[in-house]
Amino acid sequence: MKEKFQAILLFIMIATINYGCKKENSCEACDNKNKPPVSIAGNDIFINLPTDSILLDGSASNDPDGNINEWHWTKISGPLPITITNTSIAKTVIKNLSEGIYQIELTVKDNQGLSAKDTMRVFVNKPGTNQPPVARAGSNQSITLPTNIVSLDGSSSTDPDNNITSYTWLKISGPSFFSISNINAVQPQVSNLVEGIYQFELKVTDAGGLFSTDTVQVIINPITSSFPGCVIPGSTEVGRFSGPRVDMASVMCNNKFYFAASSIMEIFDPATGTVATHSLSLNREHIAAASSGNTAFFAGGYIYPASTTTPGTIISRIDIYNTDTRTWNTAELSIARFGICTGAIGNKVFFAGGIIDNQSTVTARVDVYDMSTNSWSHRELSQAGRFVSVIIENKIWFVTHSSNKIDVYDPGTDSWSTLLLSFPVYDNLPVFIYNHTAITINNKVYFTGNRVIKVFDIPSNSWTSLTLSENKFYIPAAISNNKIAFIGGMTSWFVYSNLVEIYDPAANSWSILFMSSDLFYSSFVSYNNYIYSAGGLINQENNSLSGICRFQL
């Protein structure tokens with residue numbers, strides 16, 4: 001009974017002392033930029049009586065910008081009495097140890113007077129007593145984005161009795177976004193790390209229920225690049241992705257931006273300038289994004305085969321993210337495709353048209369998700385094509401530039417109809433052009449796609465047109481201060497524009513900004529009277545950007 005009580009008491013003492021082993025440093029001389037030393041008292045030590053002496057070793061202590069001049073060892077808890085043969089040297093011997101747990105503190109002082117402390121523990125057991133394991137979480141790590149994966153390593157953990165039964169990893173501080181492959185693995189992989197400092201704790205438990213912990217620090221440094229984050233005049237960089245980004249699907253949901261490209265979805269909070277990183281279920285390009293309520297959708301896309309620029313596998317996957325609970329779900333489109341037009345009205349989300357193969361074959365299929373019933377359905381539109389959606393008079397239109405036929409969904413009657421409008425189609429516009437835009441402002445809708453901007457006046461049900469200064473296509477557009485910016489574009493295949501052409505509908509006037517570089521495959525979002533640009537290619541596709549920039553017209 002006495003031995004059982006002592007084992008329980010020992011377990012409680014270990015668990016209690018475990019939270020008291022912390023490093024400390026003073027900073028009395030920080031004004032002169034002297035850095036404090038680092039005190040390292042060494043790993044915990046376990047012995048069985050009749051052994052009653054150990055060697056303390058603090059020689060790993062160091063000073064980053066000077067020398068350690070003073071050492072001091074002291075016992076801060078544990079049974080009495082003990083003898084420290086010399087308290088003022090890096091390595092010394094403790095004698096006369098008795099059964100129990102000792103906590104020993106090492107204080108070091110550098111040549112400019114700054115000091116630091118660290119503690120270690122000495123476990124002294126009776127012969128045959130189960131001893132706790134020693135957790136070793138591995139060396140601290142430092143990586144630089146866009147690399148955002150590290151491997152943790154607890155394989156150096158030991159147990160005097162060779163009876164470790166479990167390993168458990170826990171993040172105890174740092175950014176909230178990360179993924180760990182297996183918290184109970186000896187060497188798990190941690191991914192989706194973002195800029196900041198993480199601390200992970202390893203808990204090692206033995207067959208007798210005794211445990212110990214150790215921590216490891218992982219520093220994620222910001223991406224370094226010799227390329228500019230912003231190329232549009234007047235832009236300010238307000239955030240950075242974890243790496244260069246191009247051809248991102250973008251959508252707003254609950255006042256945050258959601259960007260998806262390749263295997264990554266990144267959330268940008270314009271209120272704080274922070275970027276959080278998540279993993280999509282499949283790695284693919286040219287994804288479509290939509291949102292409704294608290295849910296963001298990332299649909300379709302394609303996978304590039306090795307050594308080719310031609311789309312290979314066409315994807316039907318839809319990754320669905322709940323922005324409130326931060327949880328994922330998946331669904332599948334009824335037809336795999338990319339270049340999908342998305343839209344939402346009422347309680348329904350639409351995924352319309354798109355390309356179904358690498359021959360640019362288009363489809364008329366539209367998949368519909370009903371938020372109220374959590375159900376999917378699909379139907380055929382009146383024509384196949386690459387569409388753009390726009391809400392006009394509480395109905396959603398699906399428009400393609402190759403036809404004046406428009407499919408219309410009315411949520412009030414839950415019905416579809418077709419409009420035939422009297423406007424000319426765009427001549428010589430390839431069906432596989434990736435980007436059409438519909439901008440609504442002051443009861444007019446501006447449809448981009450090539451040099452000619454088609455303008456639909458809603459009250460009069462009539463069409464006019466505007467002409468840009470360059471003959472180009474694939475032209476994104478966004479709104480700020482009741483003006484429309486037509487940004488960049490492609491003047492010929494893989495030759496890009498550096499112009500931002502700004503149209504003021506009230507004055508019916510144009511102005512031009514010259515970007516410091518051509519810009520392509522960037523994502524643009526209008527929010528709170530600002531235009532946000534994210535990522536993209538510059539220098540004729542030679543370099544990609546990682547910055548999130550903001551500007552006003």
# chains A, B, ... in the order shown; residues from 1 in each chain; ligands from 1
>>> residues_around(residues="Asn96 in chain A", least_positions_apart="2", cutoff="8 Å", atoms="only C-alpha atoms", output="list in words")
Asp52, Ser53, Pro81, Ile82, Thr83, Ile94 and Ser98 of chain A
>>> residues_around(residues="Gln141 in chain A", least_positions_apart="5", cutoff="7 Å", atoms="only C-alpha atoms", output="VMD selection string")
chain A and resid 217 to 219
>>> residues_around(residues="range 204-208 of chain A", least_positions_apart="3", cutoff="8 Å", atoms="only C-alpha atoms", output="PDB file with C-alpha atoms, in the first residue's frame")
ATOM      1  CA  ASN A 130       8.716   2.522 -12.817  1.00  0.00           C
ATOM      2  CA  PRO A 132       8.700   8.277 -16.281  1.00  0.00           C
ATOM      3  CA  PRO A 133       9.693   8.588 -19.934  1.00  0.00           C
ATOM      4  CA  VAL A 134      11.712  11.498 -21.303  1.00  0.00           C
ATOM      5  CA  ALA A 135       9.918  13.392 -24.098  1.00  0.00           C
ATOM      6  CA  SER A 157      12.232  10.258 -26.669  1.00  0.00           C
ATOM      7  CA  ASP A 159      12.096   5.647 -21.232  1.00  0.00           C
ATOM      8  CA  ASN A 163       7.864   0.902 -21.994  1.00  0.00           C
ATOM      9  CA  ILE A 164       6.623   3.989 -23.914  1.00  0.00           C
ATOM     10  CA  THR A 165       3.042   3.324 -24.997  1.00  0.00           C
ATOM     11  CA  SER A 166       1.889   6.560 -26.642  1.00  0.00           C
ATOM     12  CA  TYR A 167       2.922   9.843 -28.244  1.00  0.00           C
ATOM     13  CA  THR A 168       0.599  12.845 -28.456  1.00  0.00           C
ATOM     14  CA  PHE A 211       4.413  10.879 -18.767  1.00  0.00           C
ATOM     15  CA  SER A 212       6.615  13.819 -19.625  1.00  0.00           C
ATOM     16  CA  THR A 213       6.351  16.635 -22.164  1.00  0.00           C
TER      17      THR A 213
END
>>> select_by_dssp(residues="range 284-368 of chain A", states="strand (DSSP E or B)", output="VMD selection string")
chain A and resid 284 to 285 288 to 292 295 to 299 302 to 303 313 to 314 317 to 322 327 to 332 338 341 to 345 348 to 352 355 362 365 to 368
>>> write_last_selection(atoms="C-alpha atoms", output="compact mmCIF listing (two decimals), in the first residue's frame")
# COMPACT_ATOMS: atom_id res chain seq x y z
CA ARG A 284 -6.42 21.30 -59.88
CA GLU A 285 -6.39 24.50 -61.95
CA ALA A 288 -14.86 28.23 -60.14
CA ALA A 289 -16.01 29.84 -56.87
CA ALA A 290 -19.43 30.78 -55.50
CA SER A 291 -20.93 31.68 -52.13
CA SER A 292 -24.30 31.78 -50.46
CA THR A 295 -20.96 28.71 -47.39
CA ALA A 296 -18.24 28.96 -50.04
CA PHE A 297 -18.06 26.56 -53.00
CA PHE A 298 -15.01 25.67 -55.15
CA ALA A 299 -16.07 23.69 -58.21
CA TYR A 302 -8.62 20.43 -64.55
CA ILE A 303 -5.29 18.77 -63.88
CA THR A 313 -8.14 15.18 -66.36
CA ILE A 314 -11.29 17.28 -66.07
CA ARG A 317 -15.25 17.81 -57.49
CA ILE A 318 -16.90 20.60 -55.45
CA ASP A 319 -15.20 21.53 -52.17
CA ILE A 320 -17.72 23.12 -49.80
CA TYR A 321 -16.54 25.22 -46.85
CA ASN A 322 -18.73 26.37 -43.95
CA THR A 327 -15.57 22.61 -41.73
CA TRP A 328 -15.38 21.00 -45.17
CA ASN A 329 -17.68 18.82 -47.22
CA THR A 330 -17.53 17.65 -50.82
CA ALA A 331 -19.95 17.00 -53.69
CA GLU A 332 -19.64 16.18 -57.39
CA PHE A 338 -13.92 23.77 -66.01
CA CYS A 341 -20.08 30.18 -64.53
CA THR A 342 -21.37 30.45 -60.97
CA GLY A 343 -24.15 32.51 -59.46
CA ALA A 344 -26.50 32.58 -56.49
CA ILE A 345 -29.96 33.97 -55.90
CA LYS A 348 -30.02 28.41 -54.80
CA VAL A 349 -26.45 28.26 -56.08
CA PHE A 350 -25.77 27.64 -59.80
CA PHE A 351 -22.86 26.04 -61.68
CA ALA A 352 -23.54 26.65 -65.37
CA ILE A 355 -15.70 23.11 -71.01
CA VAL A 362 -18.80 23.32 -74.14
CA ARG A 365 -25.50 21.63 -68.19
CA VAL A 366 -26.32 23.64 -65.05
CA ASP A 367 -26.04 22.04 -61.61
CA VAL A 368 -28.18 23.63 -58.90
>>> closest_residue(among="A:Ser462, A:Ile232, A:Gly489, A:Asn294", to="Leu513 in chain A", atoms="only C-alpha atoms")
A:Ile232
>>> residues_around(residues="range 241-247 of chain A", least_positions_apart="5", cutoff="8 Å", atoms="only C-alpha atoms", output="JSON, numbers by chain")
{"A": [145, 146, 147, 148, 194, 195, 222, 223, 261, 266, 275, 277, 285, 286, 521, 522, 523, 534, 535, 536, 537, 544, 545, 546, 547, 548]}
